[in-house]
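work-v6.pdb follows; it contains PDB, C-alpha atoms (C1' of nucleotides).
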ATOM      1  CA  MET U  60      23.378  40.502 -11.038  1.00  0.00           C
ATOM      2  CA  ALA U  61      23.293  37.623  -8.653  1.00  0.00           C
ATOM      3  CA  PHE U  62      20.616  35.702 -10.518  1.00  0.00           C
ATOM      4  CA  ASP U  63      22.741  35.470 -13.647  1.00  0.00           C
ATOM      5  CA  SER U  64      24.465  32.496 -12.170  1.00  0.00           C
ATOM      6  CA  LEU U  65      21.322  30.367 -11.879  1.00  0.00           C
ATOM      7  CA  TYR U  66      21.598  27.445 -14.241  1.00  0.00           C
ATOM      8  CA  VAL U  67      19.396  24.598 -15.404  1.00  0.00           C
ATOM      9  CA  ARG U  68      20.325  20.952 -15.865  1.00  0.00           C
ATOM     10  CA  HIS U  69      18.557  18.123 -17.621  1.00  0.00           C
ATOM     11  CA  HIS U  70      18.935  14.602 -16.249  1.00  0.00           C
ATOM     12  CA  GLU U  71      18.044  11.292 -17.803  1.00  0.00           C
ATOM     13  CA  ALA U  72      16.149   8.633 -15.881  1.00  0.00           C
ATOM     14  CA  ARG U  73      18.394   6.866 -13.379  1.00  0.00           C
ATOM     15  CA  SER U  74      21.247   9.321 -13.666  1.00  0.00           C
ATOM     16  CA  TYR U  75      23.065  10.953 -10.780  1.00  0.00           C
ATOM     17  CA  VAL U  76      22.471  14.601 -10.028  1.00  0.00           C
ATOM     18  CA  CYS U  77      25.240  14.449  -7.486  1.00  0.00           C
ATOM     19  CA  GLN U  78      27.365  11.787  -5.871  1.00  0.00           C
ATOM     20  CA  ARG U  79      28.204  11.143  -2.268  1.00  0.00           C
ATOM     21  CA  ASN U  80      31.239  13.076  -0.971  1.00  0.00           C
ATOM     22  CA  GLU U  81      31.011  15.548  -3.799  1.00  0.00           C
ATOM     23  CA  ILE U  82      31.739  19.133  -2.856  1.00  0.00           C
ATOM     24  CA  ALA U  83      28.431  20.973  -2.766  1.00  0.00           C
ATOM     25  CA  ASP U  84      28.374  24.045  -4.935  1.00  0.00           C
ATOM     26  CA  SER U  85      24.698  24.741  -5.374  1.00  0.00           C
ATOM     27  CA  TRP U  86      21.209  24.522  -3.955  1.00  0.00           C
ATOM     28  CA  ILE U  87      19.167  22.222  -6.123  1.00  0.00           C
ATOM     29  CA  GLY U  88      15.560  22.885  -7.070  1.00  0.00           C
ATOM     30  CA  VAL U  89      13.339  20.536  -9.056  1.00  0.00           C
ATOM     31  CA  LEU U  90      11.441  22.073 -11.971  1.00  0.00           C
ATOM     32  CA  GLU U  91      10.199  18.808 -13.429  1.00  0.00           C
ATOM     33  CA  GLY U  92      10.485  15.133 -12.547  1.00  0.00           C
ATOM     34  CA  PHE U  93      11.510  13.503  -9.312  1.00  0.00           C
ATOM     35  CA  LEU U  94      14.707  13.154  -7.309  1.00  0.00           C
ATOM     36  CA  ARG U  95      15.597  10.411  -4.899  1.00  0.00           C
ATOM     37  CA  VAL U  96      17.879  11.209  -1.971  1.00  0.00           C
ATOM     38  CA  GLN U  97      19.580   7.969  -1.138  1.00  0.00           C
ATOM     39  CA  ASP U  98      22.643   6.124  -0.006  1.00  0.00           C
ATOM     40  CA  THR U  99      24.119   2.782  -0.969  1.00  0.00           C
ATOM     41  CA  THR U 100      25.243   0.418   1.774  1.00  0.00           C
ATOM     42  CA  ALA U 101      28.475  -1.558   1.610  1.00  0.00           C
ATOM     43  CA  GLU U 102      26.415  -4.563   0.480  1.00  0.00           C
ATOM     44  CA  GLY U 103      24.974  -2.551  -2.364  1.00  0.00           C
ATOM     45  CA  ARG U 104      21.528  -2.158  -0.837  1.00  0.00           C
ATOM     46  CA  LEU U 105      19.723   1.078  -1.544  1.00  0.00           C
ATOM     47  CA  ILE U 106      18.341   3.238   1.241  1.00  0.00           C
ATOM     48  CA  MET U 107      16.046   6.057   0.254  1.00  0.00           C
ATOM     49  CA  PHE U 108      15.910   8.952   2.695  1.00  0.00           C
ATOM     50  CA  THR U 109      13.443  11.189   0.985  1.00  0.00           C
ATOM     51  CA  GLY U 110      12.170  12.239  -2.400  1.00  0.00           C
ATOM     52  CA  VAL U 111      11.996  15.661  -3.985  1.00  0.00           C
ATOM     53  CA  ALA U 112       9.197  16.446  -6.393  1.00  0.00           C
ATOM     54  CA  ALA U 113       8.691  19.439  -8.665  1.00  0.00           C
ATOM     55  CA  GLY U 114       8.801  22.667  -6.688  1.00  0.00           C
ATOM     56  CA  GLY U 115      10.966  21.198  -3.952  1.00  0.00           C
ATOM     57  CA  TRP U 116      14.546  22.055  -3.011  1.00  0.00           C
ATOM     58  CA  ILE U 117      17.324  19.889  -1.674  1.00  0.00           C
ATOM     59  CA  GLY U 118      20.934  20.125  -0.604  1.00  0.00           C
ATOM     60  CA  GLU U 119      21.001  23.268   1.532  1.00  0.00           C
ATOM     61  CA  GLY U 120      22.626  21.312   4.366  1.00  0.00           C
ATOM     62  CA  SER U 121      25.898  20.967   2.517  1.00  0.00           C
ATOM     63  CA  LEU U 122      25.804  24.659   1.627  1.00  0.00           C
ATOM     64  CA  LEU U 123      25.044  26.117   5.045  1.00  0.00           C
ATOM     65  CA  LYS U 124      28.237  24.637   6.362  1.00  0.00           C
ATOM     66  CA  PRO U 125      31.231  23.715   4.266  1.00  0.00           C
ATOM     67  CA  GLU U 126      30.971  19.961   3.898  1.00  0.00           C
ATOM     68  CA  GLN U 127      30.728  17.259   1.302  1.00  0.00           C
ATOM     69  CA  ARG U 128      27.397  15.756   0.318  1.00  0.00           C
ATOM     70  CA  LYS U 129      26.270  13.129   2.789  1.00  0.00           C
ATOM     71  CA  TYR U 130      24.163  11.240   0.288  1.00  0.00           C
ATOM     72  CA  GLU U 131      23.653  10.796  -3.408  1.00  0.00           C
ATOM     73  CA  ILE U 132      20.852  12.297  -5.442  1.00  0.00           C
ATOM     74  CA  MET U 133      19.415  10.438  -8.397  1.00  0.00           C
ATOM     75  CA  ALA U 134      16.761  11.338 -10.935  1.00  0.00           C
ATOM     76  CA  THR U 135      14.211   8.550 -11.082  1.00  0.00           C
ATOM     77  CA  ARG U 136      12.781   9.783 -14.388  1.00  0.00           C
ATOM     78  CA  PRO U 137      13.768  12.531 -16.817  1.00  0.00           C
ATOM     79  CA  THR U 138      14.192  15.518 -14.548  1.00  0.00           C
ATOM     80  CA  VAL U 139      14.988  19.198 -14.909  1.00  0.00           C
ATOM     81  CA  THR U 140      16.791  20.903 -12.053  1.00  0.00           C
ATOM     82  CA  VAL U 141      17.692  24.497 -11.381  1.00  0.00           C
ATOM     83  CA  HIS U 142      20.890  25.234  -9.508  1.00  0.00           C
ATOM     84  CA  LEU U 143      21.483  28.197  -7.261  1.00  0.00           C
ATOM     85  CA  PRO U 144      25.260  28.446  -6.912  1.00  0.00           C
ATOM     86  CA  ARG U 145      26.879  28.742  -3.530  1.00  0.00           C
ATOM     87  CA  SER U 146      27.970  32.361  -4.072  1.00  0.00           C
ATOM     88  CA  THR U 147      24.447  33.475  -4.936  1.00  0.00           C
ATOM     89  CA  PHE U 148      23.028  31.364  -2.148  1.00  0.00           C
ATOM     90  CA  SER U 149      25.123  33.115   0.476  1.00  0.00           C
ATOM     91  CA  TRP U 150      24.539  36.492  -1.173  1.00  0.00           C
ATOM     92  CA  LEU U 151      20.784  36.014  -0.757  1.00  0.00           C
ATOM     93  CA  LEU U 152      21.198  34.616   2.719  1.00  0.00           C
ATOM     94  CA  GLU U 153      23.072  37.764   3.744  1.00  0.00           C
ATOM     95  CA  ARG U 154      20.703  40.275   2.171  1.00  0.00           C
ATOM     96  CA  SER U 155      17.229  38.959   1.457  1.00  0.00           C
ATOM     97  CA  ILE U 156      14.691  38.583   4.234  1.00  0.00           C
ATOM     98  CA  PRO U 157      12.129  36.842   1.969  1.00  0.00           C
ATOM     99  CA  PHE U 158      14.824  34.341   1.005  1.00  0.00           C
ATOM    100  CA  ASN U 159      15.540  33.698   4.666  1.00  0.00           C
ATOM    101  CA  HIS U 160      11.856  33.197   5.378  1.00  0.00           C
ATOM    102  CA  PHE U 161      11.620  30.685   2.564  1.00  0.00           C
ATOM    103  CA  MET U 162      14.696  28.882   3.810  1.00  0.00           C
ATOM    104  CA  LEU U 163      13.402  28.802   7.384  1.00  0.00           C
ATOM    105  CA  SER U 164      10.036  27.360   6.485  1.00  0.00           C
ATOM    106  CA  HIS U 165      11.747  24.862   4.219  1.00  0.00           C
ATOM    107  CA  LEU U 166      14.101  23.727   6.976  1.00  0.00           C
ATOM    108  CA  ASN U 167      11.317  23.688   9.528  1.00  0.00           C
ATOM    109  CA  GLU U 168       9.163  21.459   7.361  1.00  0.00           C
ATOM    110  CA  ARG U 169      11.990  19.096   6.662  1.00  0.00           C
ATOM    111  CA  LEU U 170      12.724  18.896  10.369  1.00  0.00           C
ATOM    112  CA  SER U 171       9.166  17.916  11.193  1.00  0.00           C
ATOM    113  CA  GLN U 172       9.281  15.458   8.312  1.00  0.00           C
ATOM    114  CA  PHE U 173      12.258  13.715   9.869  1.00  0.00           C
ATOM    115  CA  ILE U 174      10.746  13.817  13.350  1.00  0.00           C
ATOM    116  CA  GLY U 175       7.714  12.163  11.825  1.00  0.00           C
ATOM    117  CA  MET U 176       9.966   9.476  10.418  1.00  0.00           C
ATOM    118  CA  VAL U 177      10.965   8.325  13.889  1.00  0.00           C
ATOM    119  CA  LYS U 178       7.319   7.784  14.731  1.00  0.00           C
ATOM    120  CA  PHE U 179       6.805   6.239  11.301  1.00  0.00           C
ATOM    121  CA  ASP U 180       9.544   3.697  11.952  1.00  0.00           C
ATOM    122  CA  ARG U 181       7.715   2.444  15.003  1.00  0.00           C
ATOM    123  CA  LEU U 182       4.433   1.743  13.352  1.00  0.00           C
ATOM    124  CA  LEU U 183       5.315  -1.234  11.290  1.00  0.00           C
ATOM    125  CA  GLU U 184       1.981  -1.947   9.631  1.00  0.00           C
ATOM    126  CA  PRO U 185       3.032  -1.971   5.965  1.00  0.00           C
ATOM    127  CA  THR U 186      -0.271  -0.695   4.618  1.00  0.00           C
ATOM    128  CA  VAL U 187      -0.180   2.221   7.057  1.00  0.00           C
ATOM    129  CA  ARG U 188       3.391   2.949   6.031  1.00  0.00           C
ATOM    130  CA  VAL U 189       2.357   3.040   2.399  1.00  0.00           C
ATOM    131  CA  ALA U 190      -0.600   5.317   3.182  1.00  0.00           C
ATOM    132  CA  ARG U 191       1.642   7.737   5.116  1.00  0.00           C
ATOM    133  CA  GLY U 192       4.292   7.531   2.437  1.00  0.00           C
ATOM    134  CA  ILE U 193       1.858   8.634  -0.230  1.00  0.00           C
ATOM    135  CA  SER U 194       0.507  11.363   2.054  1.00  0.00           C
ATOM    136  CA  SER U 195       3.991  12.709   2.689  1.00  0.00           C
ATOM    137  CA  LEU U 196       4.382  13.363  -1.023  1.00  0.00           C
ATOM    138  CA  PHE U 197       1.531  15.860  -0.748  1.00  0.00           C
ATOM    139  CA  HIS U 198       3.348  18.017   1.753  1.00  0.00           C
ATOM    140  CA  PRO U 199       2.335  21.579   0.795  1.00  0.00           C
ATOM    141  CA  VAL U 200       5.725  23.163   1.535  1.00  0.00           C
ATOM    142  CA  LEU U 201       8.157  20.410   0.623  1.00  0.00           C
ATOM    143  CA  TYR U 202       6.187  19.240  -2.400  1.00  0.00           C
ATOM    144  CA  PRO U 203       4.140  22.183  -3.647  1.00  0.00           C
ATOM    145  CA  ASN U 204       2.178  20.135  -6.113  1.00  0.00           C
ATOM    146  CA  THR U 205      -1.547  20.554  -6.447  1.00  0.00           C
ATOM    147  CA  ASP U 206      -2.121  17.611  -8.756  1.00  0.00           C
ATOM    148  CA  SER U 207      -3.777  14.631  -7.109  1.00  0.00           C
ATOM    149  CA  MET U 208      -2.066  12.224  -9.480  1.00  0.00           C
ATOM    150  CA  LEU U 209       1.361  11.041  -8.380  1.00  0.00           C
ATOM    151  CA  ARG U 210       3.829   9.754 -10.938  1.00  0.00           C
ATOM    152  CA  ILE U 211       5.375   7.013  -8.844  1.00  0.00           C
ATOM    153  CA  ASN U 212       5.495   3.287  -9.386  1.00  0.00           C
ATOM    154  CA  GLN U 213       5.130   0.580  -6.789  1.00  0.00           C
ATOM    155  CA  GLU U 214       8.822  -0.230  -6.529  1.00  0.00           C
ATOM    156  CA  GLU U 215       9.660   3.433  -5.948  1.00  0.00           C
ATOM    157  CA  LEU U 216       7.014   3.674  -3.272  1.00  0.00           C
ATOM    158  CA  GLY U 217       8.396   0.563  -1.599  1.00  0.00           C
ATOM    159  CA  LEU U 218      11.847   2.141  -1.523  1.00  0.00           C
ATOM    160  CA  LEU U 219      10.404   5.275   0.009  1.00  0.00           C
ATOM    161  CA  VAL U 220       8.601   3.535   2.875  1.00  0.00           C
ATOM    162  CA  GLY U 221      10.854   0.523   3.314  1.00  0.00           C
ATOM    163  CA  VAL U 222       8.469  -2.198   2.136  1.00  0.00           C
ATOM    164  CA  SER U 223       8.798  -4.678  -0.701  1.00  0.00           C
ATOM    165  CA  ARG U 224       7.148  -3.984  -4.045  1.00  0.00           C
ATOM    166  CA  GLN U 225       4.865  -6.976  -3.629  1.00  0.00           C
ATOM    167  CA  ARG U 226       3.670  -5.727  -0.258  1.00  0.00           C
ATOM    168  CA  VAL U 227       3.100  -2.257  -1.702  1.00  0.00           C
ATOM    169  CA  ASN U 228       0.903  -3.932  -4.294  1.00  0.00           C
ATOM    170  CA  ILE U 229      -1.235  -5.477  -1.556  1.00  0.00           C
ATOM    171  CA  ALA U 230      -1.356  -2.192   0.355  1.00  0.00           C
ATOM    172  CA  LEU U 231      -2.506  -0.299  -2.729  1.00  0.00           C
ATOM    173  CA  THR U 232      -5.390  -2.668  -3.397  1.00  0.00           C
ATOM    174  CA  GLU U 233      -6.417  -2.251   0.249  1.00  0.00           C
ATOM    175  CA  LEU U 234      -6.268   1.511  -0.012  1.00  0.00           C
ATOM    176  CA  GLU U 235      -8.198   1.415  -3.263  1.00  0.00           C
ATOM    177  CA  THR U 236     -11.009  -0.709  -1.863  1.00  0.00           C
ATOM    178  CA  ALA U 237     -11.081   1.719   1.070  1.00  0.00           C
ATOM    179  CA  GLY U 238     -11.795   4.399  -1.549  1.00  0.00           C
ATOM    180  CA  LEU U 239      -8.743   6.500  -0.740  1.00  0.00           C
ATOM    181  CA  ILE U 240      -6.782   6.106  -3.950  1.00  0.00           C
ATOM    182  CA  GLN U 241      -7.008   4.809  -7.480  1.00  0.00           C
ATOM    183  CA  ARG U 242      -4.278   2.711  -8.978  1.00  0.00           C
ATOM    184  CA  GLY U 243      -2.876   3.431 -12.394  1.00  0.00           C
ATOM    185  CA  TYR U 244       0.017   2.394 -14.580  1.00  0.00           C
ATOM    186  CA  GLY U 245       3.061   3.965 -12.959  1.00  0.00           C
ATOM    187  CA  CYS U 246       0.904   6.393 -11.050  1.00  0.00           C
ATOM    188  CA  ILE U 247      -1.509   6.763  -8.167  1.00  0.00           C
ATOM    189  CA  THR U 248      -4.462   9.105  -7.968  1.00  0.00           C
ATOM    190  CA  VAL U 249      -5.403  10.188  -4.486  1.00  0.00           C
ATOM    191  CA  THR U 250      -9.147  10.581  -4.132  1.00  0.00           C
ATOM    192  CA  ASP U 251      -9.316  11.366  -0.419  1.00  0.00           C
ATOM    193  CA  ARG U 252      -6.199  13.111   0.835  1.00  0.00           C
ATOM    194  CA  GLN U 253      -7.422  13.730   4.399  1.00  0.00           C
ATOM    195  CA  ALA U 254      -8.617  10.184   4.983  1.00  0.00           C
ATOM    196  CA  LEU U 255      -5.397   8.822   3.524  1.00  0.00           C
ATOM    197  CA  ALA U 256      -3.313  10.857   5.972  1.00  0.00           C
ATOM    198  CA  ARG U 257      -5.435   9.600   8.867  1.00  0.00           C
ATOM    199  CA  TYR U 258      -5.455   5.977   7.727  1.00  0.00           C
ATOM    200  CA  PRO U 259      -6.433   3.628   9.283  1.00  0.00           C
TER     201      PRO U 259
ATOM    202  C1'  DA Q 270       1.801 -15.571  10.694  1.00  0.00           C
ATOM    203  C1'  DC Q 271       3.608 -12.431   7.761  1.00  0.00           C
ATOM    204  C1'  DA Q 272       7.061 -10.099   5.096  1.00  0.00           C
ATOM    205  C1'  DT Q 273      10.819 -10.726   1.607  1.00  0.00           C
ATOM    206  C1'  DT Q 274      13.199 -12.306  -2.497  1.00  0.00           C
ATOM    207  C1'  DA Q 275      12.953 -14.401  -6.938  1.00  0.00           C
ATOM    208  C1'  DA Q 276      10.660 -15.480 -10.841  1.00  0.00           C
ATOM    209  C1'  DC Q 277       7.054 -15.322 -14.211  1.00  0.00           C
ATOM    210  C1'  DA Q 278       3.363 -13.883 -17.518  1.00  0.00           C
ATOM    211  C1'  DG Q 279       0.791 -10.372 -19.509  1.00  0.00           C
ATOM    212  C1'  DG Q 280      -0.394  -5.668 -20.433  1.00  0.00           C
ATOM    213  C1'  DA Q 281       0.987  -0.557 -21.022  1.00  0.00           C
ATOM    214  C1'  DA Q 282       3.826   2.771 -23.017  1.00  0.00           C
TER     215       DA Q 282
ATOM    216  C1'  DT P 228      11.123  -3.282 -27.109  1.00  0.00           C
ATOM    217  C1'  DT P 229      11.307  -1.957 -22.145  1.00  0.00           C
ATOM    218  C1'  DC P 230       8.764  -0.944 -18.096  1.00  0.00           C
ATOM    219  C1'  DC P 231       5.201  -1.921 -14.683  1.00  0.00           C
ATOM    220  C1'  DT P 232       1.824  -4.729 -12.487  1.00  0.00           C
ATOM    221  C1'  DG P 233      -0.140  -8.664 -10.497  1.00  0.00           C
ATOM    222  C1'  DT P 234       0.661 -13.102  -9.052  1.00  0.00           C
ATOM    223  C1'  DT P 235       2.912 -17.210  -7.509  1.00  0.00           C
ATOM    224  C1'  DA P 236       6.435 -20.183  -4.837  1.00  0.00           C
ATOM    225  C1'  DA P 237      10.199 -20.587  -1.730  1.00  0.00           C
ATOM    226  C1'  DT P 238      12.572 -18.653   2.165  1.00  0.00           C
ATOM    227  C1'  DG P 239      13.320 -16.048   6.440  1.00  0.00           C
ATOM    228  C1'  DT P 240      12.038 -13.952  10.988  1.00  0.00           C
TER     229       DT P 240
END

Here is the file; what I need is its structure written in the form of structure tokens.
Amino acid sequence: MAFDSLYVRHHEARSYVCQRNEIADSWIGVLEGFLRVQDTTAEGRLIMFTGVAAGGWIGEGSLLKPEQRKYEIMATRPTVTVHLPRSTFSWLLERSIPFNHFMLSHLNERLSQFIGMVKFDRLLEPTVRVARGISSLFHPVLYPNTDSMLRINQEELGLLVGVSRQRVNIALTELETAGLIQRGYGCITVTDRQALARYP
DNA sequence: ACATTAACAGGAA
DNA sequence: TTCCTGTTAATGT
């Protein structure tokens, strides 16, 4: 059957799940860990586009039309991925209405995420950026994760929102004194999700 | 002013 | 030991 071709991959921290310009052959789901969708500039600077947490999927763009990957995907910590090969992907796309519904809602949510990023870019208040960045990782469709504790360190968060690690540190103490989060070692616990999303 | 990079010490894992 | 945090000082816009 079609599902026979699903396969699972284990990735070490800081290893590539796929490289830029690679030919896409599967839709990538995250079972465990965290993926960073990024690009490296000519000067070697890292730009992070988005993250994918457990339960999320990435890479359908390069499957829906025949093209090479436009970015690289890296595991930021030990990560387990499940791969839905291109043949099975198109098989499901042709035949399964539930699969199409899932795909549509997934694409729709990612679209609104990127529309939100344009707005995000224009509000430059670093603390607000950090607050929104944390909130975005609680997206119910893109990151179906019920846990209120995020496994992300301050440098990672800075990469995600485009702020330095040191400034993230300041932002986190502000958000903690505001009673929205609690800082931890390599993690953040969100105590008030709604207020965090509406911050300030 | 305010953010960024670089560098450091100290604590957690 | 390595990783992460919290903090400085110097530099840039």

Sorted by chain and rising residue number, list the residues of chain U at most 8 Å from chain P (counting all atoms listed in the file), each with its closest atom pair and distance in Å to one decimal, as a Markdown table.
| residue | atom | partner | partner_atom | distance |
| --- | --- | --- | --- | --- |
| U:Asn212 | CA | P:DC231 | C1' | 7.4 |
| U:Asn228 | CA | P:DG233 | C1' | 7.9 |
| U:Tyr244 | CA | P:DC231 | C1' | 6.7 |
| U:Gly245 | CA | P:DC231 | C1' | 6.5 |

Residues from last step as file, C-alpha atoms, as a PDB file, in the frame of the given file:
ATOM      1  CA  ASN U 212       5.495   3.287  -9.386  1.00  0.00           C
ATOM      2  CA  ASN U 228       0.903  -3.932  -4.294  1.00  0.00           C
ATOM      3  CA  TYR U 244       0.017   2.394 -14.580  1.00  0.00           C
ATOM      4  CA  GLY U 245       3.061   3.965 -12.959  1.00  0.00           C
TER       5      GLY U 245
END

Select residues of chain Q: the criterion is any atom within 12 Å of an atom of chain U, counting all atoms listed in the file; output as a list of chain:residue names. Q:DC271, Q:DA272, Q:DT273, Q:DT274, Q:DA275, Q:DG280, Q:DA281, Q:DA282

Selection result for the PyMOL selection byres ((chain U and resi 126-136) around 8) on this file, as number ranges by chain: U: 70-83, 92-98, 118, 121-122, 124-125, 137-138

Residues from last step as file, C-alpha atoms, as a compact mmCIF listing (two decimals), in the frame of the given file:
# COMPACT_ATOMS: atom_id res chain seq x y z
CA HIS U 70 18.93 14.60 -16.25
CA GLU U 71 18.04 11.29 -17.80
CA ALA U 72 16.15 8.63 -15.88
CA ARG U 73 18.39 6.87 -13.38
CA SER U 74 21.25 9.32 -13.67
CA TYR U 75 23.06 10.95 -10.78
CA VAL U 76 22.47 14.60 -10.03
CA CYS U 77 25.24 14.45 -7.49
CA GLN U 78 27.36 11.79 -5.87
CA ARG U 79 28.20 11.14 -2.27
CA ASN U 80 31.24 13.08 -0.97
CA GLU U 81 31.01 15.55 -3.80
CA ILE U 82 31.74 19.13 -2.86
CA ALA U 83 28.43 20.97 -2.77
CA GLY U 92 10.48 15.13 -12.55
CA PHE U 93 11.51 13.50 -9.31
CA LEU U 94 14.71 13.15 -7.31
CA ARG U 95 15.60 10.41 -4.90
CA VAL U 96 17.88 11.21 -1.97
CA GLN U 97 19.58 7.97 -1.14
CA ASP U 98 22.64 6.12 -0.01
CA GLY U 118 20.93 20.12 -0.60
CA SER U 121 25.90 20.97 2.52
CA LEU U 122 25.80 24.66 1.63
CA LYS U 124 28.24 24.64 6.36
CA PRO U 125 31.23 23.72 4.27
CA PRO U 137 13.77 12.53 -16.82
CA THR U 138 14.19 15.52 -14.55

Expected selection from the PyMOL selection byres ((chain U and resi 109) around 7), given as a ChimeraX atom specification: /U:95-96,107-108,110-111,219

Just the number, please: distance in Å from atom CA of Phe158 of chain U to atom CA of Pro144 of chain U, one decimal. 14.4 Å

Can you tell me how far atom CA of Asn167 of chain U sits from atom CA of Trp86 of chain U, in Å to one decimal? 16.7 Å

Test item: residues at most 12 Å from Glu184 of chain U, all atoms listed in the file, excluding those fewer than 5 positions along its chain, as a ChimeraX atom specification: /U:179,189-191,220-222,226-227,230,258-259 /Q:271-272

How many Å separate atom CA of Glu233 of chain U from atom CA of Ala256 of chain U? 14.6 Å

I need the output of the PyMOL selection byres ((chain U and resi 172) around 12) for this file as a compact mmCIF listing (two decimals) with C-alpha atoms, keeping the file's coordinate frame; which residues are they?
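After the write, selection.txt holds the following:
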# COMPACT_ATOMS: atom_id res chain seq x y z
CA PHE U 108 15.91 8.95 2.70
CA THR U 109 13.44 11.19 0.98
CA GLY U 110 12.17 12.24 -2.40
CA HIS U 165 11.75 24.86 4.22
CA LEU U 166 14.10 23.73 6.98
CA ASN U 167 11.32 23.69 9.53
CA GLU U 168 9.16 21.46 7.36
CA ARG U 169 11.99 19.10 6.66
CA LEU U 170 12.72 18.90 10.37
CA SER U 171 9.17 17.92 11.19
CA PHE U 173 12.26 13.72 9.87
CA ILE U 174 10.75 13.82 13.35
CA GLY U 175 7.71 12.16 11.82
CA MET U 176 9.97 9.48 10.42
CA VAL U 177 10.96 8.32 13.89
CA LYS U 178 7.32 7.78 14.73
CA PHE U 179 6.80 6.24 11.30
CA ARG U 191 1.64 7.74 5.12
CA GLY U 192 4.29 7.53 2.44
CA SER U 194 0.51 11.36 2.05
CA SER U 195 3.99 12.71 2.69
CA LEU U 196 4.38 13.36 -1.02
CA PHE U 197 1.53 15.86 -0.75
CA HIS U 198 3.35 18.02 1.75
CA PRO U 199 2.34 21.58 0.80
CA VAL U 200 5.72 23.16 1.54
CA LEU U 201 8.16 20.41 0.62
CA TYR U 202 6.19 19.24 -2.40

Can you complete the atoms of segment 236-247 of chain U to N, CA, C and O atoms and list them as a compact mmCIF listing (two decimals), keeping the file's coordinate frame?
# COMPACT_ATOMS: atom_id res chain seq x y z
N THR U 236 -9.69 -0.23 -2.29
CA THR U 236 -11.01 -0.71 -1.86
C THR U 236 -11.56 0.16 -0.73
O THR U 236 -12.77 0.27 -0.56
N ALA U 237 -10.64 0.79 0.03
CA ALA U 237 -11.08 1.72 1.07
C ALA U 237 -11.53 3.05 0.46
O ALA U 237 -12.02 3.93 1.17
N GLY U 238 -11.33 3.20 -0.85
CA GLY U 238 -11.80 4.40 -1.55
C GLY U 238 -10.90 5.61 -1.37
O GLY U 238 -11.33 6.75 -1.55
N LEU U 239 -9.64 5.38 -1.00
CA LEU U 239 -8.74 6.50 -0.74
C LEU U 239 -7.91 6.87 -1.96
O LEU U 239 -7.54 8.03 -2.15
N ILE U 240 -7.60 5.86 -2.77
CA ILE U 240 -6.78 6.11 -3.95
C ILE U 240 -7.33 5.33 -5.14
O ILE U 240 -8.25 4.53 -5.00
N GLN U 241 -6.74 5.60 -6.29
CA GLN U 241 -7.01 4.81 -7.48
C GLN U 241 -5.68 4.42 -8.09
O GLN U 241 -4.80 5.26 -8.25
N ARG U 242 -5.54 3.16 -8.40
CA ARG U 242 -4.28 2.71 -8.98
C ARG U 242 -4.24 2.98 -10.48
O ARG U 242 -5.25 2.93 -11.16
N GLY U 243 -3.05 3.23 -10.96
CA GLY U 243 -2.88 3.43 -12.39
C GLY U 243 -1.56 2.81 -12.82
O GLY U 243 -0.86 2.21 -11.99
N TYR U 244 -1.25 2.93 -14.07
CA TYR U 244 0.02 2.39 -14.58
C TYR U 244 1.13 3.40 -14.29
O TYR U 244 1.20 4.45 -14.91
N GLY U 245 1.97 3.07 -13.33
CA GLY U 245 3.06 3.96 -12.96
C GLY U 245 2.61 5.22 -12.26
O GLY U 245 3.35 6.20 -12.18
N CYS U 246 1.40 5.21 -11.75
CA CYS U 246 0.90 6.39 -11.05
C CYS U 246 -0.19 6.02 -10.06
O CYS U 246 -0.77 4.94 -10.13
N ILE U 247 -0.46 6.93 -9.16
CA ILE U 247 -1.51 6.76 -8.17
C ILE U 247 -2.31 8.05 -8.12
O ILE U 247 -1.73 9.14 -8.08
